[in-house]
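As structure tokens, the structure follows; a few thoughts come after it.
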Amino acid sequence: MTNIIDLNIKEKVYKNKKTQLSILNNFNLKVNAGEKIAIVGESGVGKSSLLNIIGLLDIDYNGEYTLLGSRTDNLHANELAQWRNQKIGFVLQESALINSLTIEDNIKLPLLYAGSGKFFFKEEDFENLINAIAIKPILKKKPLECSGGERARAVFARGVIMKPQIILSDEPTASLDVENRERIVNLLFKMNKEFNTTIITVTHDLEMANRHDRVIHLERSR
Amino acid sequence: MGRSLFRFVDALELCTAYIFCFFLNLLFDYVKTLDLGPYILKDFFKNFTDYQTLIIFLFTFIVIVFHYQMLHRKKTEVYCRILVGDTILNITIRYSLDCLMILGFVYLLSILINVYLNFNLTSNLYLVFIFITYILISARQVRKYENF
Amino acid sequence: MKIFKFFITKIFLRKAILSISIILLLFMANYTTFIATRSILSTFQGYQEIKCMNQEGIYIANLDPDSDVDIDAIGENGTQIVYDYLNNNFNYAFYTDGFMVSLPNIDDMEISLCYMNEEYYELNQFELSQGTDLDFDYQFDKDKEIPILIGKGLSKTYPVGSTIKIEDPVLEQPITLIVQGVLKQNAYHSNFYALNSKNYYNFSIFLPVNAEFIKNANIDLQLNGLMDIVILQTTKEKTVDLSEVMQDNLGLKFNFFSQEENFDYFKEYYLYSLKIMSITTLILLVIITCLSIWNALVSIRLMLRDFTINLLVGLSYSKLRKIFYSYFGILFFINLIVIFSITAYNRYECWLRKDATFATYGFFGLIGMDWFALLVVFLSDIIIGKIIVENMLRKIKKIPISLGVLQ
């Protein structure tokens, strides 16, 4: 099995005027294709920061990161954006939608940046996706007109529409009821099973974490 | 923190916007009284003083922008205040009174300057009516955030 | 293009108030720059025109502002004595205009007659588009036809070689004129004491005058001609004598200013005014740019989530920069069109009002200085646009995408 993620962080430092906080000291992570990884830990330990680094949202750290065989420090800002569009999908909390767009527009947002030739979008795939997550009735609605569960499914759909190789989910079920929580987790695992998508989830939900192949406990640096 | 939606920075921003509009109007009035001498200067400033009311009115748009962005930022606060026992009517009245207070303060300042410069005291009055209109319109918008 | 259209329709125009206010602010900046540039350019053009008259040995007349003017008390005798003194002792450039006459023409304009002598004509070097220069050697009482130059507006109705019969307002008798040439389009004359104020000759007739003509003209011409008279190749002492003659015979005090005095006057009067104008324009532009930046940052504050979610799903900062530049490019273009329309309409209004002295011919209604001012506006827009966009991007980059998404 090949490592699609090979991350070695020496440290990640957050600075403000008065203090300096160092997290993820000497943190190493290797992830194989198709693996399901859960990242757990107490608040403030750096779970979301780690996800931001993996997802190429944060390049300001001390370390080395090889993603899908390429060193990320060699990538230009435009290339980072392109990778976020085509290789990485983000499934965040249900509030991460643009309120002025319809659910359909929100889901299809990544297609705008797909460029020509590199990704061929089939309307049929979109239909299959929205049917699988049962959000066809709300496609023309705005996010504020939908329930939390519906919004969470819309965020999920946006994260997977480009069929990414890696899905990064940050507390995707944080404010959901049991039924919707189950729904989102099952959808993520279905992606993993059908398309061998690598799943990395940050969660406080230990039960959900234990359903992953591997659970990484982040601890505060001493 | 009191019951007002305004923080010090918000009040300062609105005050600055009002002062800018009133001051600009005073400046136009002052330029009109000047004996500029050279025809070229008279001609240049005439391009502005001839359209004084229109130009000032266009600049009052910055006050509209202030009200718009202020209410947008405060919508969560409005909803939270209602959750903990405040009413939309009280919030609206308080908001309007705060705006009127700031407007009144700036208008008083402009009257003092008018008196000092011996200008017509009513030359700024039209601005007051314009700003009161904006306050009333924006107060209506507060109601929109009742249900978040 | 797709992405840009998406941003315009789904993001920027959703908060229309912000778009409208930025358009208004940018319009004020553009209007200020346009007005200032045009005033400065017009003054500069006027100065170039006057420079040819402001040479060593030339003294330009100016009615003393403290002089008691009683026109009714001035008789033809008085003016005749002055002109005799002038003819015997000086070379002078004579010019007066503002005498109107009705003459059929395509545009139904009232025609302005401009009377000038040979010295004035040669000093100014008027450019012609057709025909030949004015001939001043005609015999006033013997020649039946007086050669004239006409403005472009009259050239279709009265081509070179055609004759015009008018009741001359200064000779108070019918005369026949023969078109000798056509002035260049938009030939103008600047007011000496208001260099940015121009009269255009598109609907004017240049009538050559000589001593005989002036002698037979009425007091209106004679008196008006003295107001702007230019004495050539003379000295201060002689102009003092002339001034005394004028005072004695007309009751009017005239001052004559040398080249050096005129330069000092220009420096004190015009340079100072141009400095005030430039400084005022700069201050206004700085204030408006600051207000525009504030407005733009407010937009960022309100639309942060929209921008950062797009960044999350694949929009790059460089593409976002291009979108912002394109957006402001459209706003500036709208403003340029508005200013162009206002200016073109103002120029057209002169035609509607039948205002012959201000009617001009231009490319899409605008003349050279208008286009130059628009170019300066365009360049200032580039600078203002760059300042605003870079500030917007700096604000967006300051906030991590992961935070902005959850705003």
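To be explicit about the labels: the chains of the structure tokens are called A, B, and onward in the order shown, and within each one the residues are counted from 1, while ligands get numbers from 1 in the order they are shown.
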
Pick out each residue of chain A that DSSP on the backbone tags as strand (DSSP E or B); I need them as a ChimeraX atom specification.
-> /A:3-15,20-23,27-32,36-41,62-67,70-71,88-91,166-170,198-202,214-218

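Using only C-alpha atoms, the contacts of range 166-181 of chain C at a cut-off of 7 Å, with sequence neighbours closer than 6 positions omitted, comprise Phe99, Leu128, Gln130, Gly131, Thr132, Asp133, Leu134, Lys144, Glu145, Ile146, Pro147, Ile148, Leu149, Ile150, Pro159, Val160, Asn216, Ala217, Asn218, Asp220 and Leu221 of chain C.
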
Please save N, CA and C atoms of the selected residues as a compact mmCIF listing (two decimals), in the first residue's frame.
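Printed below is out_37.txt as written:
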```txt
# COMPACT_ATOMS: atom_id res chain seq x y z
N PHE C 99 -19.71 91.03 -31.64
CA PHE C 99 -20.75 91.68 -32.44
C PHE C 99 -21.48 90.59 -33.21
N LEU C 128 -5.44 77.46 -40.82
CA LEU C 128 -6.60 77.33 -41.71
C LEU C 128 -6.74 75.89 -42.18
N GLN C 130 -8.81 75.44 -44.96
CA GLN C 130 -8.97 75.66 -46.41
C GLN C 130 -8.63 77.11 -46.73
N GLY C 131 -8.33 77.36 -47.97
CA GLY C 131 -8.20 78.74 -48.45
C GLY C 131 -6.87 79.40 -48.08
N THR C 132 -6.87 80.73 -48.14
CA THR C 132 -5.64 81.48 -47.90
C THR C 132 -5.83 82.47 -46.76
N ASP C 133 -4.71 83.01 -46.32
CA ASP C 133 -4.73 83.94 -45.19
C ASP C 133 -5.49 85.21 -45.53
N LEU C 134 -5.83 85.96 -44.48
CA LEU C 134 -6.55 87.22 -44.66
C LEU C 134 -5.70 88.25 -45.40
N LYS C 144 -15.32 96.58 -53.28
CA LYS C 144 -16.71 96.25 -52.98
C LYS C 144 -16.78 95.06 -52.03
N GLU C 145 -15.79 94.18 -52.11
CA GLU C 145 -15.85 92.95 -51.30
C GLU C 145 -14.68 92.89 -50.33
N ILE C 146 -15.01 92.63 -49.07
CA ILE C 146 -13.97 92.51 -48.05
C ILE C 146 -13.67 91.03 -47.85
N PRO C 147 -12.39 90.64 -47.96
CA PRO C 147 -12.08 89.21 -47.79
C PRO C 147 -12.17 88.83 -46.31
N ILE C 148 -12.73 87.67 -46.06
CA ILE C 148 -12.91 87.23 -44.67
C ILE C 148 -12.48 85.77 -44.50
N LEU C 149 -12.30 85.40 -43.24
CA LEU C 149 -12.15 83.98 -42.90
C LEU C 149 -13.40 83.59 -42.12
N ILE C 150 -13.82 82.35 -42.29
CA ILE C 150 -15.00 81.89 -41.55
C ILE C 150 -14.66 80.65 -40.73
N PRO C 159 -18.91 78.25 -48.86
CA PRO C 159 -17.58 77.72 -49.20
C PRO C 159 -16.64 78.82 -49.66
N VAL C 160 -15.36 78.45 -49.76
CA VAL C 160 -14.34 79.43 -50.17
C VAL C 160 -14.71 80.00 -51.55
N ASN C 216 -14.10 104.64 -39.85
CA ASN C 216 -15.50 104.71 -40.27
C ASN C 216 -16.45 103.90 -39.39
N ALA C 217 -15.88 103.18 -38.44
CA ALA C 217 -16.74 102.34 -37.58
C ALA C 217 -17.35 103.19 -36.47
N ASN C 218 -18.36 102.64 -35.82
CA ASN C 218 -19.01 103.39 -34.74
C ASN C 218 -18.20 103.30 -33.46
N ASP C 220 -18.77 101.86 -30.73
CA ASP C 220 -18.73 100.54 -30.07
C ASP C 220 -17.46 99.80 -30.44
N LEU C 221 -17.18 99.76 -31.72
CA LEU C 221 -15.98 99.06 -32.17
C LEU C 221 -14.74 99.74 -31.65
```

Contacts between chain C and chain B, please, where a residue of chain B counts if it comes within 6 Å (with only C-alpha atoms); show its shortest atom pair and distance in Å to one decimal, rows by chain and ascending number, as JSON lines.
```
{"residue": "B:Tyr39", "atom": "CA", "partner": "C:Ala194", "partner_atom": "CA", "distance": 5.6}
{"residue": "B:Leu41", "atom": "CA", "partner": "C:Ser273", "partner_atom": "CA", "distance": 5.9}
{"residue": "B:Phe61", "atom": "CA", "partner": "C:Ser21", "partner_atom": "CA", "distance": 5.9}
```

Write out as a PDB file with C-alpha atoms, in the first residue's frame every residue belonging to chain A that has an atom at most 7 Å from any atom of chain C, counting only C-alpha atoms.
```pdb
ATOM      1  CA  LEU A  57      -5.109  25.428   4.007  1.00  0.00           C
ATOM      2  CA  ALA A  77      -0.515  28.981  -4.436  1.00  0.00           C
ATOM      3  CA  ASN A  78      -2.482  28.303  -7.629  1.00  0.00           C
ATOM      4  CA  ALA A  81      -5.926  25.800  -4.840  1.00  0.00           C
ATOM      5  CA  GLN A  82      -6.224  23.323  -7.687  1.00  0.00           C
ATOM      6  CA  ARG A  84      -8.022  21.626  -2.890  1.00  0.00           C
ATOM      7  CA  ASN A  85     -10.479  21.629  -5.765  1.00  0.00           C
ATOM      8  CA  SER A  95     -22.882  26.208   8.835  1.00  0.00           C
ATOM      9  CA  ALA A  96     -20.158  26.304   6.150  1.00  0.00           C
ATOM     10  CA  ILE A  98     -23.036  30.473   1.433  1.00  0.00           C
ATOM     11  CA  PRO A 110     -16.320  23.385  -6.825  1.00  0.00           C
ATOM     12  CA  LEU A 112     -16.704  26.514 -11.088  1.00  0.00           C
ATOM     13  CA  TYR A 113     -13.005  26.079 -10.401  1.00  0.00           C
TER      14      TYR A 113
END
```

So how far away is CA of Gly251 in chain C from CA of Ala73 in chain C, in Å?
-> 8.3 Å

Find the distance between CA of Leu129 in chain A and CA of Ile167 in chain A and write it in Å to one decimal.
-> 15.6 Å

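Here CA of Leu304 in chain C is placed at a distance of 7.3 Å from CA of Ile396 in chain C.
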
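For Asn25 in chain A, the set of protein, DNA and RNA residues having any atom at most 10 Å away, when counting only C-alpha atoms and skipping those fewer than 5 positions along the same chain, is Asn8, Ile9, Lys10, Glu11, Lys12, Val13, Asn62, Gly63, Glu219, Arg220, Ser221 and Arg222 of chain A.
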
Hey, can you spit out that residue selection with C-alpha atoms as a PDB file, in the first residue's frame?
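Ended up saving to again.pdb:
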```pdb
ATOM      1  CA  ASN A   8       6.348  15.213   9.427  1.00  0.00           C
ATOM      2  CA  ILE A   9       5.688  18.322  11.524  1.00  0.00           C
ATOM      3  CA  LYS A  10       8.472  19.611  13.746  1.00  0.00           C
ATOM      4  CA  GLU A  11       6.188  22.255  15.223  1.00  0.00           C
ATOM      5  CA  LYS A  12       3.332  24.580  14.402  1.00  0.00           C
ATOM      6  CA  VAL A  13       3.552  27.957  16.165  1.00  0.00           C
ATOM      7  CA  ASN A  62       7.912  23.800  10.342  1.00  0.00           C
ATOM      8  CA  GLY A  63       7.985  20.407   8.667  1.00  0.00           C
ATOM      9  CA  GLU A 219      -2.012  15.190  23.235  1.00  0.00           C
ATOM     10  CA  ARG A 220      -0.842  18.574  24.402  1.00  0.00           C
ATOM     11  CA  SER A 221       2.925  19.135  24.073  1.00  0.00           C
ATOM     12  CA  ARG A 222       4.695  19.260  27.423  1.00  0.00           C
TER      13      ARG A 222
END
```

Find, counting only C-alpha atoms, the residue in A:Gly34, A:Ala174, A:Leu7, A:Leu21 that gets nearest to Ile53 in chain A.
-> A:Leu7

Going by DSSP on the backbone, which bits of range 4-217 of chain A are alpha helix (DSSP H)? Write them as an MDAnalysis selection string, please.
-> chainID A and resid 47:54 77:86 103:107 123:132 148:160 178:195 206:210

Any idea what's packed within 9 Å of Cys15 in chain B, counting only C-alpha atoms, ignoring anything in its chain fewer than 4 positions away? Could you give it as a ChimeraX atom specification?
-> /B:10-11,19-20,102-103,105-106

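When the distance limit is 12 Å and only C-alpha atoms are what count, the residues near Leu86 in chain C, minus those fewer than 4 positions from it on the same chain, are Thr79, Gln80, Ile81, Val82, Phe90, Asn91, Tyr92, Ala93, Phe94, Ala211, Ile214, Leu226, Ile229, Val230, Ile231, Leu232, Thr234, Lys238, Thr239, Asp241, Leu242, Ser243, Val245 and Met246 of chain C.
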
Written file, previous selection with C-alpha atoms, as a PDB file, in the first residue's frame:
```pdb
ATOM      1  CA  THR C  79     -11.886 107.863 -29.650  1.00  0.00           C
ATOM      2  CA  GLN C  80     -10.800 109.290 -32.997  1.00  0.00           C
ATOM      3  CA  ILE C  81      -8.110 111.390 -31.338  1.00  0.00           C
ATOM      4  CA  VAL C  82      -6.835 108.343 -29.538  1.00  0.00           C
ATOM      5  CA  PHE C  90       2.629 103.084 -32.543  1.00  0.00           C
ATOM      6  CA  ASN C  91       2.310  99.712 -34.147  1.00  0.00           C
ATOM      7  CA  TYR C  92      -0.588  98.039 -32.470  1.00  0.00           C
ATOM      8  CA  ALA C  93      -2.570  94.823 -32.585  1.00  0.00           C
ATOM      9  CA  PHE C  94      -6.300  95.423 -32.650  1.00  0.00           C
ATOM     10  CA  ALA C 211      -7.082 102.309 -40.047  1.00  0.00           C
ATOM     11  CA  ILE C 214     -11.733 101.777 -37.755  1.00  0.00           C
ATOM     12  CA  LEU C 226      -9.099  99.826 -27.058  1.00  0.00           C
ATOM     13  CA  ILE C 229      -5.254  96.783 -27.469  1.00  0.00           C
ATOM     14  CA  VAL C 230      -1.683  95.481 -27.708  1.00  0.00           C
ATOM     15  CA  ILE C 231       1.107  97.953 -28.389  1.00  0.00           C
ATOM     16  CA  LEU C 232       4.088  96.508 -30.265  1.00  0.00           C
ATOM     17  CA  THR C 234       7.485 100.219 -27.703  1.00  0.00           C
ATOM     18  CA  LYS C 238       5.641 105.835 -24.534  1.00  0.00           C
ATOM     19  CA  THR C 239       2.824 103.747 -23.095  1.00  0.00           C
ATOM     20  CA  ASP C 241       2.124 108.968 -22.715  1.00  0.00           C
ATOM     21  CA  LEU C 242      -0.527 106.919 -24.501  1.00  0.00           C
ATOM     22  CA  SER C 243      -2.274 106.281 -21.219  1.00  0.00           C
ATOM     23  CA  VAL C 245      -3.875 110.675 -24.023  1.00  0.00           C
ATOM     24  CA  MET C 246      -6.531 108.073 -23.358  1.00  0.00           C
TER      25      MET C 246
END
```

Using only C-alpha atoms, pick whichever of B:Arg73, B:Ile62, B:Val9, B:Ser4 has the shortest atom-to-atom distance to Asp86 in chain B.
-> B:Ser4

8 Å contact set for Val155 in chain A, only C-alpha atoms, chain neighbours under 4 positions out, as a PyMOL selection string | chain A and resi 91-94+96-97+107+151+159

Spatial neighbours of Val142 in chain B, 12 Å, only C-alpha atoms, chain gap at least 4 places, as a PyMOL selection string = chain B and resi 5+67-79+82+87-96+135-138+146-148

Write the residues of the selection above to a file with C-alpha atoms, as a compact mmCIF listing (two decimals), in the first residue's frame.
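Written output follows (result.txt):
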```txt
# COMPACT_ATOMS: atom_id res chain seq x y z
CA LEU B 5 -26.29 47.87 20.16
CA HIS B 67 -26.29 51.50 8.96
CA TYR B 68 -26.38 48.52 6.59
CA GLN B 69 -23.17 46.91 7.77
CA MET B 70 -23.84 47.73 11.41
CA LEU B 71 -27.20 45.95 11.40
CA HIS B 72 -25.77 43.05 9.44
CA ARG B 73 -23.06 42.56 12.04
CA LYS B 74 -25.48 42.92 14.93
CA LYS B 75 -28.12 40.46 13.81
CA THR B 76 -26.86 37.70 16.09
CA GLU B 77 -26.72 40.17 18.97
CA VAL B 78 -30.32 41.27 18.30
CA TYR B 79 -31.49 37.66 18.33
CA ILE B 82 -34.44 38.78 22.45
CA THR B 87 -38.03 43.00 22.94
CA ILE B 88 -37.65 43.95 19.32
CA LEU B 89 -39.54 47.19 19.93
CA ASN B 90 -37.18 48.24 22.72
CA ILE B 91 -34.13 47.34 20.67
CA THR B 92 -35.47 49.33 17.71
CA ILE B 93 -36.27 52.38 19.85
CA ARG B 94 -32.91 52.22 21.57
CA TYR B 95 -31.10 51.92 18.25
CA SER B 96 -33.00 54.89 16.79
CA ILE B 135 -32.34 56.20 10.71
CA LEU B 136 -36.05 55.46 10.33
CA ILE B 137 -35.45 53.15 7.35
CA SER B 138 -32.64 51.29 9.12
CA GLU B 146 -36.13 39.06 15.29
CA ASN B 147 -36.07 35.41 14.24
CA PHE B 148 -32.46 35.15 13.12
```

Would you mind telling me which residue in A:Leu101, A:Met208, A:Leu144, A:Ala38 lies nearest to chain B when using only C-alpha atoms?
-> A:Leu144
